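A.B. asks: Quick one: the structure is below, questions incoming.
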Amino acid sequence: MSSDLERRLEAMFAEAPDPEPGAGEEALHRALRAVHPITVSRRGLRTAVLAFATAVVLLVIAAGSLAAAGALHVSLGSKPKRTHPAALLTLPQGANGVAAIVNGRLSVATRGGGRLQVRATAAALSPRVLYVAAGIGNSLVAMAPDGRRAWSHPTGGKVVAIAWAPDGFRIAYVVQAGHRFALHVIYGNGVHDTTIDSSVRPVRPSWRADSLALAYVGGGGKAIVYDLAHVSRSVVARSAGMGAVTQLAFAPSGGGLAIAGRSGIATKRVCRLPAFPKRSVGWIGWLGSSLLVAHGGRRTALDSLSCGGGFGSSDFGGTIVAFDARGPRVAVAVARGTNVVLLVGDSLPLHNLRQVARLPRGAHVTDLLVG
């Protein structure tokens, strides 16, 4: 992304609406200042009790506002539950940023030194990792990696998947509304939210390289491409006989689309790729012009399929539990022995991926992102 685009992104976020009222640190500071030591005399006992009760109410209100924005989590009157330690990520050389949601908590590390820690249900990184979008409570929140300059958009439900367009100007997200899921598109500065489809599957959408179309999985389990320029949608014919589509990924350049289903993988407008062993497909993605296929189940591997018949396979000696590949880098989370390791690389073969975090075996990785 050019420096001109970066400046336009900065300007767009500067014009973004303010965060939800009461979600800032000032509310907490005011409440804490209200809770000051009180010298209680017999004559002023009633006044002291009333003042303390008022301070507690203010503190609870402030804490509730911060909790809604994901900035604070408190529990009054009960013993706090034990939680797994947050993932401390190491940024690999050459990457702009890496993020992971581990046990419901989002961790981000960026080239600029930003380190974000917040509870979230889904996340996405903007181009060059200038910003992070996250599902926090019943809102979609965008923020800088250090947690500042955030806008918050109420979604009316839990956000389960997010995808930031390559040009940075739009965000697609899937929100749970009761027993159904709906696909929305919102501008990168938090305005002009639009419902694209009110019945979809909870699968992360994928943007085409020109940011003018996105692919998603409809409520019937078929791959659908929505064209923003023509405000139209079309079912991908090759997904019709695949059973329910579980993953889809546009190539980082051109209009090639890969689709994974229960019965295998199909591609649209992609060069002829070699056949690969049929295993359980967990995830798909792109590393340059190579399609990567991560397999789950007992026999786990990561296959790379390149134009012209190139084929390679990497076995990480464990079970792949999370995966992300979109363009120049790939990230893999592998349950191995007593640990879950997060690995990031930018070239083939994939045996030389660098470790960016080591987590306890019980760690649950639900989102893994690299930019």
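Naming scheme: A, B, ... for chains in displayed order of the structure tokens; residues 1 onward per chain; ligands 1 onward as shown.
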If we count only C-alpha atoms and set the cut-off at 12 Å, which residues sit around A:Val225, ignoring sequence neighbours fewer than 4 positions away in its own chain? Please answer as a PDB file with N, CA and C atoms, in the first residue's frame.
C.D. replies:
ATOM      1  N   ILE A 196     -25.499  -6.951   3.780  1.00  0.00           N
ATOM      2  CA  ILE A 196     -25.338  -7.563   2.457  1.00  0.00           C
ATOM      3  C   ILE A 196     -26.215  -8.795   2.319  1.00  0.00           C
ATOM      4  N   ASP A 197     -26.254  -9.623   3.354  1.00  0.00           N
ATOM      5  CA  ASP A 197     -27.041 -10.855   3.313  1.00  0.00           C
ATOM      6  C   ASP A 197     -27.437 -11.189   4.752  1.00  0.00           C
ATOM      7  N   PRO A 205     -15.355 -13.874   5.472  1.00  0.00           N
ATOM      8  CA  PRO A 205     -15.419 -13.510   4.050  1.00  0.00           C
ATOM      9  C   PRO A 205     -14.018 -13.281   3.497  1.00  0.00           C
ATOM     10  N   SER A 206     -13.905 -13.237   2.174  1.00  0.00           N
ATOM     11  CA  SER A 206     -12.618 -12.990   1.528  1.00  0.00           C
ATOM     12  C   SER A 206     -12.803 -11.911   0.468  1.00  0.00           C
ATOM     13  N   TRP A 207     -11.937 -10.895   0.490  1.00  0.00           N
ATOM     14  CA  TRP A 207     -12.015  -9.795  -0.461  1.00  0.00           C
ATOM     15  C   TRP A 207     -11.210 -10.091  -1.717  1.00  0.00           C
ATOM     16  N   ARG A 208     -11.755  -9.691  -2.862  1.00  0.00           N
ATOM     17  CA  ARG A 208     -10.994  -9.760  -4.095  1.00  0.00           C
ATOM     18  C   ARG A 208      -9.875  -8.724  -4.046  1.00  0.00           C
ATOM     19  N   LEU A 212     -13.320  -4.627  -4.785  1.00  0.00           N
ATOM     20  CA  LEU A 212     -14.633  -4.312  -5.333  1.00  0.00           C
ATOM     21  C   LEU A 212     -15.601  -5.485  -5.267  1.00  0.00           C
ATOM     22  N   ALA A 213     -15.159  -6.596  -4.700  1.00  0.00           N
ATOM     23  CA  ALA A 213     -16.029  -7.756  -4.545  1.00  0.00           C
ATOM     24  C   ALA A 213     -15.533  -8.586  -3.372  1.00  0.00           C
ATOM     25  N   LEU A 214     -16.442  -9.330  -2.780  1.00  0.00           N
ATOM     26  CA  LEU A 214     -16.053 -10.235  -1.706  1.00  0.00           C
ATOM     27  C   LEU A 214     -16.824 -11.535  -1.846  1.00  0.00           C
ATOM     28  N   ALA A 215     -16.202 -12.603  -1.373  1.00  0.00           N
ATOM     29  CA  ALA A 215     -16.827 -13.921  -1.394  1.00  0.00           C
ATOM     30  C   ALA A 215     -17.210 -14.309   0.024  1.00  0.00           C
ATOM     31  N   TYR A 216     -18.351 -14.990   0.146  1.00  0.00           N
ATOM     32  CA  TYR A 216     -18.803 -15.447   1.454  1.00  0.00           C
ATOM     33  C   TYR A 216     -19.615 -16.720   1.270  1.00  0.00           C
ATOM     34  N   VAL A 217     -19.943 -17.359   2.378  1.00  0.00           N
ATOM     35  CA  VAL A 217     -20.726 -18.596   2.330  1.00  0.00           C
ATOM     36  C   VAL A 217     -22.157 -18.267   2.725  1.00  0.00           C
ATOM     37  N   GLY A 218     -23.093 -18.490   1.802  1.00  0.00           N
ATOM     38  CA  GLY A 218     -24.500 -18.210   2.057  1.00  0.00           C
ATOM     39  C   GLY A 218     -25.111 -19.183   3.040  1.00  0.00           C
ATOM     40  N   ALA A 229     -19.429  -2.999  -6.992  1.00  0.00           N
ATOM     41  CA  ALA A 229     -19.538  -2.014  -8.068  1.00  0.00           C
ATOM     42  C   ALA A 229     -20.886  -2.101  -8.759  1.00  0.00           C
ATOM     43  N   HIS A 230     -21.421  -3.332  -8.934  1.00  0.00           N
ATOM     44  CA  HIS A 230     -22.689  -3.521  -9.628  1.00  0.00           C
ATOM     45  C   HIS A 230     -23.839  -3.867  -8.683  1.00  0.00           C
ATOM     46  N   VAL A 231     -23.523  -3.908  -7.369  1.00  0.00           N
ATOM     47  CA  VAL A 231     -24.530  -4.245  -6.348  1.00  0.00           C
ATOM     48  C   VAL A 231     -25.275  -5.516  -6.763  1.00  0.00           C
ATOM     49  N   SER A 232     -24.507  -6.572  -7.003  1.00  0.00           N
ATOM     50  CA  SER A 232     -25.099  -7.839  -7.444  1.00  0.00           C
ATOM     51  C   SER A 232     -24.375  -8.997  -6.785  1.00  0.00           C
ATOM     52  N   ARG A 233     -25.021 -10.143  -6.750  1.00  0.00           N
ATOM     53  CA  ARG A 233     -24.417 -11.344  -6.178  1.00  0.00           C
ATOM     54  C   ARG A 233     -24.634 -12.520  -7.118  1.00  0.00           C
ATOM     55  N   SER A 234     -23.694 -13.449  -7.074  1.00  0.00           N
ATOM     56  CA  SER A 234     -23.807 -14.634  -7.924  1.00  0.00           C
ATOM     57  C   SER A 234     -23.248 -15.838  -7.184  1.00  0.00           C
ATOM     58  N   VAL A 235     -23.912 -16.962  -7.327  1.00  0.00           N
ATOM     59  CA  VAL A 235     -23.449 -18.212  -6.718  1.00  0.00           C
ATOM     60  C   VAL A 235     -22.333 -18.787  -7.567  1.00  0.00           C
ATOM     61  N   VAL A 236     -21.253 -19.203  -6.936  1.00  0.00           N
ATOM     62  CA  VAL A 236     -20.145 -19.815  -7.658  1.00  0.00           C
ATOM     63  C   VAL A 236     -20.560 -21.217  -8.067  1.00  0.00           C
ATOM     64  N   ALA A 237     -20.666 -21.440  -9.371  1.00  0.00           N
ATOM     65  CA  ALA A 237     -21.217 -22.699  -9.880  1.00  0.00           C
ATOM     66  C   ALA A 237     -20.422 -23.904  -9.400  1.00  0.00           C
ATOM     67  N   SER A 239     -19.142 -24.542  -6.690  1.00  0.00           N
ATOM     68  CA  SER A 239     -19.357 -24.928  -5.289  1.00  0.00           C
ATOM     69  C   SER A 239     -20.645 -25.713  -5.113  1.00  0.00           C
ATOM     70  N   LEU A 248     -13.131 -20.199   1.971  1.00  0.00           N
ATOM     71  CA  LEU A 248     -12.912 -19.622   0.642  1.00  0.00           C
ATOM     72  C   LEU A 248     -11.852 -18.535   0.736  1.00  0.00           C
ATOM     73  N   ALA A 249     -11.135 -18.346  -0.376  1.00  0.00           N
ATOM     74  CA  ALA A 249     -10.032 -17.391  -0.355  1.00  0.00           C
ATOM     75  C   ALA A 249      -9.750 -16.878  -1.755  1.00  0.00           C
ATOM     76  N   PHE A 250      -9.856 -15.549  -1.929  1.00  0.00           N
ATOM     77  CA  PHE A 250      -9.432 -14.922  -3.166  1.00  0.00           C
ATOM     78  C   PHE A 250      -7.906 -14.882  -3.208  1.00  0.00           C
ATOM     79  N   GLY A 255      -8.314 -12.276 -10.043  1.00  0.00           N
ATOM     80  CA  GLY A 255      -9.630 -12.621  -9.514  1.00  0.00           C
ATOM     81  C   GLY A 255      -9.788 -14.083  -9.187  1.00  0.00           C
ATOM     82  N   GLY A 256      -8.689 -14.821  -9.039  1.00  0.00           N
ATOM     83  CA  GLY A 256      -8.763 -16.245  -8.732  1.00  0.00           C
ATOM     84  C   GLY A 256      -9.380 -16.494  -7.371  1.00  0.00           C
ATOM     85  N   LEU A 257     -10.250 -17.501  -7.286  1.00  0.00           N
ATOM     86  CA  LEU A 257     -10.934 -17.838  -6.040  1.00  0.00           C
ATOM     87  C   LEU A 257     -10.816 -19.328  -5.779  1.00  0.00           C
ATOM     88  N   ALA A 258     -10.422 -19.683  -4.555  1.00  0.00           N
ATOM     89  CA  ALA A 258     -10.349 -21.084  -4.136  1.00  0.00           C
ATOM     90  C   ALA A 258     -11.449 -21.341  -3.120  1.00  0.00           C
ATOM     91  N   ILE A 259     -12.071 -22.520  -3.226  1.00  0.00           N
ATOM     92  CA  ILE A 259     -13.196 -22.878  -2.365  1.00  0.00           C
ATOM     93  C   ILE A 259     -12.948 -24.269  -1.802  1.00  0.00           C
ATOM     94  N   LYS A 268     -11.733 -21.117  -9.186  1.00  0.00           N
ATOM     95  CA  LYS A 268     -12.346 -20.340 -10.258  1.00  0.00           C
ATOM     96  C   LYS A 268     -11.342 -19.298 -10.721  1.00  0.00           C
TER      97      LYS A 268
END
A.B. asks: Which residues, written as number ranges by chain, have at least one atom at most 7 Å from A:Leu292, with only C-alpha atoms counted and residues fewer than 5 positions away on the same chain left out?
C.D. replies: A: 284-287, 302-305
A.B. asks: Taking N, CA and C atoms for each residue, export the selection above as a compact mmCIF listing (two decimals), in the first residue's frame.
C.D. replies:
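New file out09.txt:
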# COMPACT_ATOMS: atom_id res chain seq x y z
N ILE A 284 -7.77 -23.03 3.84
CA ILE A 284 -7.06 -22.74 2.61
C ILE A 284 -6.62 -21.28 2.63
N GLY A 285 -5.58 -20.98 1.86
CA GLY A 285 -5.09 -19.61 1.76
C GLY A 285 -4.05 -19.52 0.66
N TRP A 286 -3.50 -18.34 0.48
CA TRP A 286 -2.55 -18.11 -0.60
C TRP A 286 -1.24 -17.54 -0.06
N LEU A 287 -0.15 -18.09 -0.53
CA LEU A 287 1.18 -17.55 -0.29
C LEU A 287 1.74 -17.20 -1.66
N LEU A 302 0.44 -29.53 5.67
CA LEU A 302 0.17 -28.29 4.94
C LEU A 302 0.74 -28.47 3.55
N ASP A 303 -0.15 -28.55 2.56
CA ASP A 303 0.26 -28.75 1.18
C ASP A 303 0.31 -27.41 0.45
N SER A 304 1.25 -27.30 -0.48
CA SER A 304 1.36 -26.11 -1.32
C SER A 304 1.25 -26.54 -2.78
N LEU A 305 0.32 -25.89 -3.49
CA LEU A 305 0.06 -26.22 -4.89
C LEU A 305 0.38 -25.00 -5.74
A.B. asks: List every residue of stretch 166-214 of chain A that has an atom at most 9 Å from any atom of stretch 128-142 of chain A, and for each one report the closest atom pair and its distance in Å to one decimal, counting only C-alpha atoms, with rows sorted by chain and then by increasing residue number, as a Markdown table.
C.D. replies:
| residue | atom | partner | partner_atom | distance |
| --- | --- | --- | --- | --- |
| A:Ile171 | CA | A:Ala133 | CA | 8.4 |
| A:Tyr173 | CA | A:Leu140 | CA | 8.6 |
| A:Val175 | CA | A:Asn138 | CA | 8.9 |
| A:Gly188 | CA | A:Ala142 | CA | 8.3 |
| A:Asn189 | CA | A:Ala142 | CA | 8.2 |
| A:Gly190 | CA | A:Ala142 | CA | 7.9 |
A.B. asks: Hey, which of A:Gly113, A:Gly220, A:Gly327, A:Pro92 ends up closest to A:Gly147? Count only C-alpha atoms.
C.D. replies: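 Of A:Gly113, A:Gly220, A:Gly327, A:Pro92, the one nearest A:Gly147, counting only C-alpha atoms, is A:Gly113.
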A.B. asks: Extract the full set of strand (DSSP E or B) residues from stretch 169-221 of chain A according to DSSP on the backbone, and format it as a PyMOL selection string.
C.D. replies: chain A and resi 170-177+180-187+194-197+200+206-207+213-218
A.B. asks: When you count only C-alpha atoms, which of these residues is closest to A:Val330: A:Ala357, A:Val159, A:Ala223, A:Val370?
C.D. replies: A:Val370
A.B. asks: Show which residues sit within 7 Å of A:Pro360, as a PyMOL selection string. Count only C-alpha atoms, and ignore same-chain residues fewer than 6 positions away.
C.D. replies: chain A and resi 338-340
A.B. asks: Could the residues in this selection be written to a file with N, CA and C atoms, as a short mmCIF file (atom, residue, chain, number, x, y, z; two decimals), in the first residue's frame?
C.D. replies:
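As written to disk, part_10.cif reads:
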data_model
loop_
_atom_site.label_atom_id
_atom_site.label_comp_id
_atom_site.auth_asym_id
_atom_site.auth_seq_id
_atom_site.Cartn_x
_atom_site.Cartn_y
_atom_site.Cartn_z
N THR A 338 3.42 -30.82 24.59
CA THR A 338 2.73 -30.15 25.70
C THR A 338 2.48 -28.68 25.41
N ASN A 339 2.68 -28.27 24.18
CA ASN A 339 2.54 -26.85 23.85
C ASN A 339 1.75 -26.65 22.56
N VAL A 340 1.30 -25.44 22.37
CA VAL A 340 0.78 -24.97 21.09
C VAL A 340 1.74 -23.88 20.62
#
A.B. asks: Find the distance between atom CA of A:Val108 and atom CA of A:Phe169 and write it in Å to one decimal.
C.D. replies: 21.1 Å
A.B. asks: Report, in Å with one decimal, the straight-line distance from atom CA of A:Asp167 to atom CA of A:Ser211.
C.D. replies: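 So the two atoms, atom CA of A:Asp167 and atom CA of A:Ser211, lie 6.2 Å apart.
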A.B. asks: Hey, can you check how far atom CA of A:Leu125 sits from atom CA of A:Ala335?
C.D. replies: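 Calculated distance between atom CA of A:Leu125 and atom CA of A:Ala335 is 24.1 Å.
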A.B. asks: Quick one: residues within 12 Å of A:Ser347, only C-alpha atoms counted, chain neighbours fewer than 3 positions away excluded, as a VMD selection string?
C.D. replies: chain A and resid 94 286 to 290 292 304 325 327 to 331 344 350 to 354
A.B. asks: Could you pull out the helix (DSSP H, G or I) residues of stretch 68-201 of chain A, going by DSSP on the backbone, and write them as a short mmCIF file (atom, residue, chain, number, x, y, z; two decimals) with C-alpha atoms, in the first residue's frame?
C.D. replies:
data_model
loop_
_atom_site.label_atom_id
_atom_site.label_comp_id
_atom_site.auth_asym_id
_atom_site.auth_seq_id
_atom_site.Cartn_x
_atom_site.Cartn_y
_atom_site.Cartn_z
CA ALA A 68 -18.60 -2.99 27.11
CA PRO A 127 -3.37 -3.15 5.31
CA ARG A 128 0.11 -2.67 6.79
CA VAL A 129 -1.47 -3.30 10.22
#
